[in-house]
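Structure data follow from protein.pdb (PDB, C-alpha atoms, pLDDT in the B column):
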ATOM      1  CA  MET N   1       0.000   0.000   0.000  1.00 67.00           C
ATOM      2  CA  SER N   2       1.276   3.449  -0.853  1.00 87.00           C
ATOM      3  CA  VAL N   3       0.194   7.050  -1.311  1.00 94.00           C
ATOM      4  CA  GLU N   4       0.478   8.977  -4.563  1.00 97.00           C
ATOM      5  CA  ARG N   5       1.045  12.663  -3.860  1.00 97.00           C
ATOM      6  CA  ARG N   6       0.943  15.749  -6.037  1.00 97.00           C
ATOM      7  CA  VAL N   7       2.093  19.219  -4.920  1.00 98.00           C
ATOM      8  CA  LEU N   8       0.995  22.181  -7.059  1.00 98.00           C
ATOM      9  CA  ARG N   9       1.909  25.859  -7.047  1.00 98.00           C
ATOM     10  CA  VAL N  10      -1.290  27.901  -7.266  1.00 98.00           C
ATOM     11  CA  SER N  11       0.560  30.736  -9.038  1.00 97.00           C
ATOM     12  CA  ALA N  12       1.717  28.337 -11.764  1.00 98.00           C
ATOM     13  CA  HIS N  13      -1.684  26.728 -12.385  1.00 98.00           C
ATOM     14  CA  ALA N  14      -4.219  29.504 -11.730  1.00 98.00           C
ATOM     15  CA  ALA N  15      -4.672  30.557 -15.359  1.00 98.00           C
ATOM     16  CA  ALA N  16      -5.280  26.981 -16.510  1.00 97.00           C
ATOM     17  CA  ALA N  17      -7.654  26.350 -13.592  1.00 98.00           C
ATOM     18  CA  ARG N  18      -9.783  29.350 -14.583  1.00 97.00           C
ATOM     19  CA  ARG N  19     -10.065  27.940 -18.104  1.00 97.00           C
ATOM     20  CA  GLU N  20     -11.007  24.511 -16.721  1.00 96.00           C
ATOM     21  CA  ALA N  21     -13.629  25.754 -14.249  1.00 97.00           C
ATOM     22  CA  GLY N  22     -16.309  24.126 -16.400  1.00 95.00           C
ATOM     23  CA  SER N  23     -15.071  20.727 -15.188  1.00 96.00           C
ATOM     24  CA  LEU N  24     -16.415  21.514 -11.713  1.00 96.00           C
ATOM     25  CA  SER N  25     -19.907  20.776 -10.433  1.00 94.00           C
ATOM     26  CA  ALA N  26     -22.450  23.583 -10.216  1.00 94.00           C
ATOM     27  CA  GLY N  27     -21.984  23.691  -6.447  1.00 93.00           C
ATOM     28  CA  GLU N  28     -18.217  23.959  -6.763  1.00 95.00           C
ATOM     29  CA  ARG N  29     -18.509  26.784  -9.304  1.00 96.00           C
ATOM     30  CA  GLU N  30     -20.892  28.640  -6.992  1.00 97.00           C
ATOM     31  CA  ARG N  31     -18.500  28.260  -4.092  1.00 96.00           C
ATOM     32  CA  ALA N  32     -15.571  29.487  -6.184  1.00 97.00           C
ATOM     33  CA  ALA N  33     -17.552  32.531  -7.310  1.00 96.00           C
ATOM     34  CA  ALA N  34     -18.389  33.373  -3.678  1.00 97.00           C
ATOM     35  CA  PHE N  35     -14.761  34.088  -2.785  1.00 97.00           C
ATOM     36  CA  ARG N  36     -14.185  37.830  -2.624  1.00 96.00           C
ATOM     37  CA  ARG N  37     -10.394  37.666  -2.930  1.00 97.00           C
ATOM     38  CA  GLU N  38      -8.949  36.514  -6.241  1.00 97.00           C
ATOM     39  CA  ALA N  39      -6.138  34.637  -4.460  1.00 96.00           C
ATOM     40  CA  ASP N  40      -8.661  32.568  -2.474  1.00 97.00           C
ATOM     41  CA  ARG N  41     -10.725  31.873  -5.607  1.00 98.00           C
ATOM     42  CA  ASP N  42      -7.650  30.796  -7.565  1.00 98.00           C
ATOM     43  CA  ARG N  43      -6.517  28.496  -4.759  1.00 98.00           C
ATOM     44  CA  TYR N  44      -9.921  26.812  -4.693  1.00 97.00           C
ATOM     45  CA  LEU N  45     -10.053  26.480  -8.484  1.00 98.00           C
ATOM     46  CA  VAL N  46      -6.558  24.998  -8.740  1.00 98.00           C
ATOM     47  CA  ALA N  47      -7.266  22.519  -5.947  1.00 98.00           C
ATOM     48  CA  HIS N  48     -10.615  21.308  -7.235  1.00 97.00           C
ATOM     49  CA  THR N  49      -9.921  21.243 -10.964  1.00 98.00           C
ATOM     50  CA  ALA N  50      -6.696  19.340 -10.270  1.00 98.00           C
ATOM     51  CA  LEU N  51      -8.520  16.912  -7.982  1.00 97.00           C
ATOM     52  CA  ARG N  52     -11.228  16.170 -10.551  1.00 97.00           C
ATOM     53  CA  GLY N  53      -8.646  15.825 -13.315  1.00 97.00           C
ATOM     54  CA  GLU N  54      -6.540  13.372 -11.309  1.00 97.00           C
ATOM     55  CA  LEU N  55      -9.567  11.323 -10.279  1.00 96.00           C
ATOM     56  CA  ALA N  56     -10.875  11.171 -13.854  1.00 96.00           C
ATOM     57  CA  ALA N  57      -7.466  10.004 -15.085  1.00 95.00           C
ATOM     58  CA  ARG N  58      -7.493   7.175 -12.539  1.00 94.00           C
ATOM     59  CA  LEU N  59     -11.157   6.176 -12.732  1.00 93.00           C
ATOM     60  CA  GLY N  60     -12.024   6.971 -16.336  1.00 91.00           C
ATOM     61  CA  GLY N  61     -14.654   9.352 -17.635  1.00 91.00           C
ATOM     62  CA  SER N  62     -14.684  13.142 -17.593  1.00 94.00           C
ATOM     63  CA  PRO N  63     -13.608  15.282 -14.625  1.00 95.00           C
ATOM     64  CA  ARG N  64     -17.088  16.776 -14.242  1.00 93.00           C
ATOM     65  CA  ALA N  65     -18.664  13.301 -14.096  1.00 92.00           C
ATOM     66  CA  VAL N  66     -16.542  12.055 -11.168  1.00 92.00           C
ATOM     67  CA  PRO N  67     -19.139  11.001  -8.522  1.00 89.00           C
ATOM     68  CA  LEU N  68     -17.907  12.916  -5.488  1.00 89.00           C
ATOM     69  CA  THR N  69     -19.767  12.416  -2.221  1.00 85.00           C
ATOM     70  CA  ARG N  70     -19.205  12.360   1.545  1.00 80.00           C
ATOM     71  CA  ALA N  71     -18.450   9.269   3.593  1.00 74.00           C
ATOM     72  CA  PRO N  72     -20.570   8.694   6.722  1.00 70.00           C
ATOM     73  CA  CYS N  73     -19.276  10.550   9.764  1.00 69.00           C
ATOM     74  CA  PRO N  74     -17.477   8.063  12.067  1.00 67.00           C
ATOM     75  CA  GLY N  75     -18.952   9.823  15.082  1.00 65.00           C
ATOM     76  CA  CYS N  76     -22.646  10.160  14.240  1.00 68.00           C
ATOM     77  CA  GLY N  77     -23.098   8.389  10.909  1.00 65.00           C
ATOM     78  CA  GLY N  78     -24.306  11.573   9.203  1.00 65.00           C
ATOM     79  CA  PRO N  79     -23.366  12.362   5.569  1.00 64.00           C
ATOM     80  CA  HIS N  80     -20.610  14.812   6.460  1.00 66.00           C
ATOM     81  CA  GLY N  81     -17.524  12.607   6.806  1.00 68.00           C
ATOM     82  CA  ARG N  82     -14.435  12.857   4.627  1.00 76.00           C
ATOM     83  CA  PRO N  83     -14.888  13.583   0.901  1.00 83.00           C
ATOM     84  CA  SER N  84     -14.918  10.412  -1.176  1.00 85.00           C
ATOM     85  CA  VAL N  85     -15.750   8.869  -4.524  1.00 87.00           C
ATOM     86  CA  ALA N  86     -19.062   7.002  -4.577  1.00 81.00           C
ATOM     87  CA  GLY N  87     -18.365   3.352  -3.867  1.00 80.00           C
ATOM     88  CA  ASP N  88     -14.895   4.138  -2.450  1.00 78.00           C
ATOM     89  CA  LEU N  89     -13.282   3.061  -5.726  1.00 82.00           C
ATOM     90  CA  LEU N  90     -10.330   5.259  -4.773  1.00 92.00           C
ATOM     91  CA  HIS N  91      -9.489   7.190  -1.628  1.00 94.00           C
ATOM     92  CA  PHE N  92      -8.189  10.748  -1.756  1.00 96.00           C
ATOM     93  CA  SER N  93      -7.501  13.844   0.307  1.00 96.00           C
ATOM     94  CA  LEU N  94      -6.989  17.491  -0.585  1.00 97.00           C
ATOM     95  CA  SER N  95      -5.374  20.383   1.264  1.00 97.00           C
ATOM     96  CA  HIS N  96      -4.230  23.868   0.342  1.00 97.00           C
ATOM     97  CA  ALA N  97      -2.461  26.769   2.012  1.00 97.00           C
ATOM     98  CA  GLY N  98      -0.852  29.916   0.647  1.00 97.00           C
ATOM     99  CA  ASP N  99       0.537  29.121  -2.801  1.00 98.00           C
ATOM    100  CA  LEU N 100       0.432  25.331  -2.419  1.00 98.00           C
ATOM    101  CA  VAL N 101      -2.101  22.582  -3.091  1.00 98.00           C
ATOM    102  CA  LEU N 102      -1.496  19.011  -1.896  1.00 98.00           C
ATOM    103  CA  LEU N 103      -3.402  16.035  -3.315  1.00 98.00           C
ATOM    104  CA  ALA N 104      -3.085  12.448  -2.071  1.00 98.00           C
ATOM    105  CA  PHE N 105      -4.520   9.239  -3.573  1.00 97.00           C
ATOM    106  CA  ALA N 106      -4.490   5.692  -2.160  1.00 95.00           C
ATOM    107  CA  ASP N 107      -6.380   2.397  -2.080  1.00 92.00           C
ATOM    108  CA  ALA N 108      -7.153   2.878   1.632  1.00 93.00           C
ATOM    109  CA  PRO N 109      -8.386   5.841   3.686  1.00 93.00           C
ATOM    110  CA  VAL N 110      -5.858   8.671   3.429  1.00 96.00           C
ATOM    111  CA  GLY N 111      -5.512  12.186   4.798  1.00 96.00           C
ATOM    112  CA  ALA N 112      -3.302  15.042   3.608  1.00 98.00           C
ATOM    113  CA  ASP N 113      -2.482  18.451   5.041  1.00 98.00           C
ATOM    114  CA  VAL N 114      -0.257  21.357   4.036  1.00 98.00           C
ATOM    115  CA  GLU N 115       0.233  24.497   6.102  1.00 98.00           C
ATOM    116  CA  ALA N 116       2.289  27.678   5.911  1.00 98.00           C
ATOM    117  CA  LEU N 117       4.570  28.280   8.882  1.00 97.00           C
ATOM    118  CA  PRO N 118       2.716  30.507  11.359  1.00 95.00           C
ATOM    119  CA  ALA N 119       3.849  33.441  13.469  1.00 91.00           C
ATOM    120  CA  PRO N 120       5.271  32.660  16.934  1.00 89.00           C
ATOM    121  CA  GLY N 121       2.107  33.973  18.590  1.00 90.00           C
ATOM    122  CA  VAL N 122      -0.018  31.425  16.730  1.00 92.00           C
ATOM    123  CA  VAL N 123       2.342  28.656  17.828  1.00 95.00           C
ATOM    124  CA  ALA N 124       1.949  29.721  21.446  1.00 91.00           C
ATOM    125  CA  ASP N 125      -1.844  29.835  21.209  1.00 93.00           C
ATOM    126  CA  VAL N 126      -2.576  26.715  19.155  1.00 94.00           C
ATOM    127  CA  GLY N 127       0.334  24.749  20.610  1.00 93.00           C
ATOM    128  CA  ALA N 128      -1.588  24.580  23.879  1.00 93.00           C
ATOM    129  CA  SER N 129      -3.991  22.125  22.175  1.00 94.00           C
ATOM    130  CA  LEU N 130      -1.276  19.564  21.355  1.00 96.00           C
ATOM    131  CA  HIS N 131      -0.464  16.309  23.135  1.00 97.00           C
ATOM    132  CA  PRO N 132       1.483  16.899  26.403  1.00 97.00           C
ATOM    133  CA  ARG N 133       4.650  15.305  24.953  1.00 98.00           C
ATOM    134  CA  GLU N 134       4.416  17.537  21.891  1.00 98.00           C
ATOM    135  CA  ARG N 135       3.997  20.619  24.069  1.00 97.00           C
ATOM    136  CA  ALA N 136       7.078  19.611  26.034  1.00 97.00           C
ATOM    137  CA  GLU N 137       9.084  19.144  22.824  1.00 97.00           C
ATOM    138  CA  LEU N 138       8.134  22.618  21.622  1.00 96.00           C
ATOM    139  CA  ALA N 139       8.964  24.196  24.968  1.00 96.00           C
ATOM    140  CA  ALA N 140      12.459  22.675  24.832  1.00 97.00           C
ATOM    141  CA  LEU N 141      13.237  24.384  21.505  1.00 96.00           C
ATOM    142  CA  PRO N 142      14.565  27.913  20.929  1.00 95.00           C
ATOM    143  CA  GLU N 143      11.668  30.178  19.987  1.00 93.00           C
ATOM    144  CA  ARG N 144      12.916  30.638  16.409  1.00 94.00           C
ATOM    145  CA  GLU N 145      12.674  26.869  15.796  1.00 96.00           C
ATOM    146  CA  ARG N 146       9.170  26.422  17.153  1.00 96.00           C
ATOM    147  CA  PRO N 147       7.110  27.465  14.085  1.00 97.00           C
ATOM    148  CA  ALA N 148       8.687  24.776  11.887  1.00 97.00           C
ATOM    149  CA  ALA N 149       8.404  22.091  14.571  1.00 98.00           C
ATOM    150  CA  PHE N 150       4.817  23.036  15.395  1.00 98.00           C
ATOM    151  CA  THR N 151       3.750  23.025  11.729  1.00 98.00           C
ATOM    152  CA  ARG N 152       5.453  19.667  11.159  1.00 98.00           C
ATOM    153  CA  CYS N 153       3.430  18.258  14.050  1.00 98.00           C
ATOM    154  CA  TRP N 154       0.172  19.970  13.094  1.00 97.00           C
ATOM    155  CA  THR N 155       0.169  18.734   9.498  1.00 98.00           C
ATOM    156  CA  ARG N 156       0.746  15.154  10.699  1.00 98.00           C
ATOM    157  CA  LYS N 157      -2.120  15.517  13.147  1.00 96.00           C
ATOM    158  CA  GLU N 158      -4.496  17.111  10.611  1.00 96.00           C
ATOM    159  CA  ALA N 159      -3.652  14.465   7.996  1.00 97.00           C
ATOM    160  CA  PHE N 160      -4.449  11.705  10.492  1.00 96.00           C
ATOM    161  CA  LEU N 161      -7.733  13.300  11.589  1.00 93.00           C
ATOM    162  CA  LYS N 162      -8.764  13.887   7.959  1.00 93.00           C
ATOM    163  CA  GLY N 163      -7.972  10.253   7.193  1.00 92.00           C
ATOM    164  CA  LEU N 164     -10.195   9.222  10.099  1.00 89.00           C
ATOM    165  CA  GLY N 165     -12.908  11.477   8.749  1.00 86.00           C
ATOM    166  CA  THR N 166     -13.468  13.271  12.049  1.00 79.00           C
ATOM    167  CA  GLY N 167     -11.319  16.359  11.556  1.00 75.00           C
ATOM    168  CA  LEU N 168     -10.914  18.498  14.650  1.00 70.00           C
ATOM    169  CA  ALA N 169     -14.035  16.974  16.196  1.00 72.00           C
ATOM    170  CA  THR N 170     -11.403  14.604  17.622  1.00 79.00           C
ATOM    171  CA  ASP N 171      -9.263  16.221  20.329  1.00 87.00           C
ATOM    172  CA  PRO N 172      -5.840  17.109  18.815  1.00 90.00           C
ATOM    173  CA  ALA N 173      -4.252  16.299  22.173  1.00 92.00           C
ATOM    174  CA  ALA N 174      -5.483  12.701  22.116  1.00 93.00           C
ATOM    175  CA  ASP N 175      -2.772  11.221  19.860  1.00 95.00           C
ATOM    176  CA  TYR N 176       0.993  11.732  19.859  1.00 97.00           C
ATOM    177  CA  VAL N 177       2.548  12.284  16.418  1.00 98.00           C
ATOM    178  CA  SER N 178       5.717  14.189  17.512  1.00 98.00           C
ATOM    179  CA  THR N 179       7.159  17.583  16.621  1.00 98.00           C
ATOM    180  CA  LEU N 180      10.546  15.993  15.871  1.00 97.00           C
ATOM    181  CA  GLU N 181      12.133  15.273  12.495  1.00 96.00           C
ATOM    182  CA  ARG N 182      10.327  11.933  12.096  1.00 96.00           C
ATOM    183  CA  PRO N 183       6.662  11.201  12.829  1.00 98.00           C
ATOM    184  CA  ALA N 184       5.925   9.013  15.828  1.00 97.00           C
ATOM    185  CA  PRO N 185       4.412   5.562  15.159  1.00 95.00           C
ATOM    186  CA  LEU N 186       0.627   5.707  15.225  1.00 95.00           C
ATOM    187  CA  PRO N 187      -1.267   2.402  15.590  1.00 94.00           C
ATOM    188  CA  GLY N 188      -3.221   1.557  12.449  1.00 95.00           C
ATOM    189  CA  TRP N 189      -1.735   4.398  10.397  1.00 96.00           C
ATOM    190  CA  HIS N 190       1.401   5.306   8.477  1.00 97.00           C
ATOM    191  CA  LEU N 191       2.405   8.967   8.802  1.00 97.00           C
ATOM    192  CA  ALA N 192       4.829  10.532   6.322  1.00 97.00           C
ATOM    193  CA  ASP N 193       6.140  14.060   5.871  1.00 98.00           C
ATOM    194  CA  VAL N 194       5.871  15.424   2.323  1.00 98.00           C
ATOM    195  CA  PRO N 195       8.692  17.515   0.792  1.00 97.00           C
ATOM    196  CA  VAL N 196       7.427  21.045   0.088  1.00 98.00           C
ATOM    197  CA  PRO N 197       9.065  24.440  -0.554  1.00 97.00           C
ATOM    198  CA  PRO N 198      10.529  26.461   2.339  1.00 96.00           C
ATOM    199  CA  GLY N 199       7.939  28.200   4.487  1.00 97.00           C
ATOM    200  CA  TYR N 200       5.540  25.235   4.454  1.00 98.00           C
ATOM    201  CA  ALA N 201       5.135  21.787   6.002  1.00 98.00           C
ATOM    202  CA  ALA N 202       2.996  18.906   4.758  1.00 98.00           C
ATOM    203  CA  ALA N 203       2.139  15.338   5.669  1.00 98.00           C
ATOM    204  CA  THR N 204      -0.025  12.368   4.705  1.00 98.00           C
ATOM    205  CA  ALA N 205      -1.611   9.636   6.819  1.00 97.00           C
ATOM    206  CA  LEU N 206      -2.518   6.269   5.311  1.00 97.00           C
ATOM    207  CA  ALA N 207      -4.683   3.666   7.070  1.00 95.00           C
ATOM    208  CA  ARG N 208      -2.967   0.306   7.503  1.00 90.00           C
ATOM    209  CA  PRO N 209      -5.011  -2.890   7.137  1.00 74.00           C
ATOM    210  CA  ALA N 210      -5.678  -4.798  10.341  1.00 65.00           C
ATOM    211  CA  GLY N 211      -2.823  -7.160  11.132  1.00 55.00           C
TER     212      GLY N 211
END
Whole structure, structure tokens version:
Amino acid sequence: MSVERRVLRVSAHAAAARREAGSLSAGERERAAAFRREADRDRYLVAHTALRGELAARLGGSPRAVPLTRAPCPGCGGPHGRPSVAGDLLHFSLSHAGDLVLLAFADAPVGADVEALPAPGVVADVGASLHPRERAELAALPERERPAAFTRCWTRKEAFLKGLGTGLATDPAADYVSTLERPAPLPGWHLADVPVPPGYAAATALARPAG
């Protein structure tokens, strides 16, 4: 089992994404049009046209015809779990931040997250929600090193929670993924950092089969 990843620069693909907006569903086009800032609209268009194009290439058919839906929520069973293809023919995850879009595809549940490095004040505020061991690791670092370590940890955590389908409805402090150079082992999942340009961190989480 493995994850196929694709990292895109929004600035390099925005013009093409605008031309390909017709490949999106009516709902996706409405959401794109609702963005007031061009940068936010372009980021959405690049992410979603690329996702539909990649799924169509793997599943066959046209990008607009890809049957996107929502998996049942693991917590309540409602139709608002992780995005999926009808019938779970292929698993995928999408994330975007700043000028980057990250796509991940696998034959098992997968989560992906990319984030821009935050300001030190954000690290101090949001870092309080991490696992106690992760908070201790951050506290042991010089302040200038904390944004990179925090973002490394946060993308691992977000990728895992997106793979679960719960998102931040699950307490971020519940599972230890580490702020260190390598992700900590996580039962039932394989965490991996994704190479991205300076100023960002990214990770994927792939569900392992039982046994």
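Proximity to Leu102 (chain N) was assessed for N:Ala86, N:Leu51, N:Gly199, N:Val177 counting only C-alpha atoms; the smallest distance is recorded for N:Leu51.
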Picked residues, the PyMOL selection byres ((chain N and resi 137) around 12), as number ranges by chain: N: 127, 130-136, 138-143, 145-146, 149-150, 153, 176-181
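As for CA of Ala16 (chain N) and CA of Glu28 (chain N), they are spaced 16.5 Å apart.
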Residues in the PyMOL selection byres ((chain N and resi 84) around 6), expressed as a PyMOL selection string: chain N and resi 68-70+83+85
Arg58 (chain N) surroundings by all atoms listed in the file, 10 Å radius, close-in-sequence under 6 positions cut, as a list in words: Arg52, Leu89, Leu90 and Phe105 of chain N
Let me know the residues the PyMOL selection byres ((chain N and resi 17) around 9) catches in the file above, as a compact mmCIF listing (two decimals) with C-alpha atoms, in the coordinates of the input.
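Result went into selection-v4.txt, see below:
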# COMPACT_ATOMS: atom_id res chain seq x y z
CA HIS N 13 -1.68 26.73 -12.38
CA ALA N 14 -4.22 29.50 -11.73
CA ALA N 15 -4.67 30.56 -15.36
CA ALA N 16 -5.28 26.98 -16.51
CA ARG N 18 -9.78 29.35 -14.58
CA ARG N 19 -10.06 27.94 -18.10
CA GLU N 20 -11.01 24.51 -16.72
CA ALA N 21 -13.63 25.75 -14.25
CA ASP N 42 -7.65 30.80 -7.56
CA LEU N 45 -10.05 26.48 -8.48
CA VAL N 46 -6.56 25.00 -8.74
CA ALA N 47 -7.27 22.52 -5.95
CA HIS N 48 -10.62 21.31 -7.24
CA THR N 49 -9.92 21.24 -10.96
CA ALA N 50 -6.70 19.34 -10.27
Let me have the centre and edge lengths in Å, one decimal, of the box along x, y and z around every listed atom of region 134-153 of chain N with 3 Å of margin on each side, as JSON.
{"center_x": 9.0, "center_y": 24.1, "center_z": 18.6, "size_x": 17.1, "size_y": 19.1, "size_z": 20.9}
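Minimum atom-to-atom distance to Arg43 (chain N), evaluated using only C-alpha atoms, belongs to N:Gly98 out of N:Pro63, N:Gly111, N:Gly22, N:Gly98.
Take CA of Asp125 (chain N) and CA of Ala148 (chain N): the distance between them is 14.9 Å.
For the pair CA of Ala108 (chain N) and CA of Leu191 (chain N), the separation is 13.4 Å.
With all atoms listed in the file as the basis for measurement, N:Arg5 is the residue among N:Arg82, N:Arg37, N:Arg5, N:His96 that approaches Glu54 (chain N) most closely.
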Exercise: Ala106 (chain N) partners within 10 Å, all atoms listed in the file, chain neighbours under 3 positions left out, as a PyMOL selection string: chain N and resi 1-5+89-93+109-111+206-207
May I have the residues from that selection written out with C-alpha atoms, as a short mmCIF file (atom, residue, chain, number, x, y, z; two decimals), keeping the file's coordinate frame?
data_model
loop_
_atom_site.label_atom_id
_atom_site.label_comp_id
_atom_site.auth_asym_id
_atom_site.auth_seq_id
_atom_site.Cartn_x
_atom_site.Cartn_y
_atom_site.Cartn_z
CA MET N 1 0.00 0.00 0.00
CA SER N 2 1.28 3.45 -0.85
CA VAL N 3 0.19 7.05 -1.31
CA GLU N 4 0.48 8.98 -4.56
CA ARG N 5 1.04 12.66 -3.86
CA LEU N 89 -13.28 3.06 -5.73
CA LEU N 90 -10.33 5.26 -4.77
CA HIS N 91 -9.49 7.19 -1.63
CA PHE N 92 -8.19 10.75 -1.76
CA SER N 93 -7.50 13.84 0.31
CA PRO N 109 -8.39 5.84 3.69
CA VAL N 110 -5.86 8.67 3.43
CA GLY N 111 -5.51 12.19 4.80
CA LEU N 206 -2.52 6.27 5.31
CA ALA N 207 -4.68 3.67 7.07
#
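In terms of minimum interatomic distance to Leu117 (chain N), N:Ala201 ranks closest within N:Arg9, N:Gly165, N:Ala201, N:Leu24, counting only C-alpha atoms.
Minimum distance to Ala65 (chain N) across N:Ser25, N:Gly121, N:Arg41, N:Ala32 (counting all atoms listed in the file) occurs at N:Ser25.
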Shortest interatomic distance to Leu161 (chain N) - which of N:Ala12, N:Val101, N:Leu186, N:Val123, counting all atoms listed in the file: N:Leu186
Pick out the residues sitting within 8 Å of Ala159 (chain N), and hand them over as a compact mmCIF listing (two decimals) with C-alpha atoms, keeping the file's coordinate frame; count only C-alpha atoms, and ignore anything fewer than 3 positions along from it in its own chain.
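This went into selection26.txt:
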# COMPACT_ATOMS: atom_id res chain seq x y z
CA VAL N 110 -5.86 8.67 3.43
CA GLY N 111 -5.51 12.19 4.80
CA ALA N 112 -3.30 15.04 3.61
CA ASP N 113 -2.48 18.45 5.04
CA THR N 155 0.17 18.73 9.50
CA ARG N 156 0.75 15.15 10.70
CA LYS N 162 -8.76 13.89 7.96
CA GLY N 163 -7.97 10.25 7.19
CA ALA N 203 2.14 15.34 5.67
CA THR N 204 -0.02 12.37 4.70
CA ALA N 205 -1.61 9.64 6.82
Output region 112-133 of chain N from the block with N, CA and C atoms, as a short mmCIF file (atom, residue, chain, number, x, y, z; two decimals), in the first residue's frame?
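File produced: result.cif:
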data_model
loop_
_atom_site.label_atom_id
_atom_site.label_comp_id
_atom_site.auth_asym_id
_atom_site.auth_seq_id
_atom_site.Cartn_x
_atom_site.Cartn_y
_atom_site.Cartn_z
N ALA N 112 -4.43 14.20 4.01
CA ALA N 112 -3.30 15.04 3.61
C ALA N 112 -3.50 16.43 4.19
N ASP N 113 -2.39 17.07 4.55
CA ASP N 113 -2.48 18.45 5.04
C ASP N 113 -1.22 19.20 4.70
N VAL N 114 -1.37 20.45 4.26
CA VAL N 114 -0.26 21.36 4.04
C VAL N 114 -0.58 22.66 4.74
N GLU N 115 0.41 23.25 5.36
CA GLU N 115 0.23 24.50 6.10
C GLU N 115 1.44 25.40 5.89
N ALA N 116 1.20 26.71 5.87
CA ALA N 116 2.29 27.68 5.91
C ALA N 116 2.75 27.84 7.35
N LEU N 117 4.05 28.09 7.53
CA LEU N 117 4.57 28.28 8.88
C LEU N 117 3.93 29.52 9.51
N PRO N 118 3.42 29.39 10.72
CA PRO N 118 2.72 30.51 11.36
C PRO N 118 3.66 31.42 12.13
N ALA N 119 3.11 32.53 12.59
CA ALA N 119 3.85 33.44 13.47
C ALA N 119 4.02 32.81 14.85
N PRO N 120 5.05 33.23 15.60
CA PRO N 120 5.27 32.66 16.93
C PRO N 120 4.06 32.76 17.85
N GLY N 121 3.28 33.84 17.74
CA GLY N 121 2.11 33.97 18.59
C GLY N 121 1.07 32.90 18.33
N VAL N 122 0.92 32.50 17.07
CA VAL N 122 -0.02 31.42 16.73
C VAL N 122 0.47 30.11 17.32
N VAL N 123 1.78 29.88 17.26
CA VAL N 123 2.34 28.66 17.83
C VAL N 123 2.03 28.59 19.31
N ALA N 124 2.21 29.71 20.00
CA ALA N 124 1.95 29.72 21.45
C ALA N 124 0.48 29.44 21.75
N ASP N 125 -0.41 30.02 20.95
CA ASP N 125 -1.84 29.83 21.21
C ASP N 125 -2.32 28.42 20.85
N VAL N 126 -2.06 28.01 19.62
CA VAL N 126 -2.58 26.71 19.16
C VAL N 126 -1.77 25.56 19.73
N GLY N 127 -0.49 25.80 20.03
CA GLY N 127 0.33 24.75 20.61
C GLY N 127 -0.20 24.22 21.92
N ALA N 128 -1.01 25.03 22.61
CA ALA N 128 -1.59 24.58 23.88
C ALA N 128 -2.57 23.43 23.68
N SER N 129 -3.02 23.20 22.44
CA SER N 129 -3.99 22.13 22.18
C SER N 129 -3.33 20.81 21.79
N LEU N 130 -1.98 20.77 21.77
CA LEU N 130 -1.28 19.56 21.35
C LEU N 130 -1.19 18.55 22.49
N HIS N 131 -0.73 17.36 22.15
CA HIS N 131 -0.46 16.31 23.14
C HIS N 131 0.59 16.81 24.13
N PRO N 132 0.50 16.41 25.41
CA PRO N 132 1.48 16.90 26.40
C PRO N 132 2.94 16.68 26.00
N ARG N 133 3.26 15.54 25.38
CA ARG N 133 4.65 15.30 24.95
C ARG N 133 5.04 16.28 23.85
#
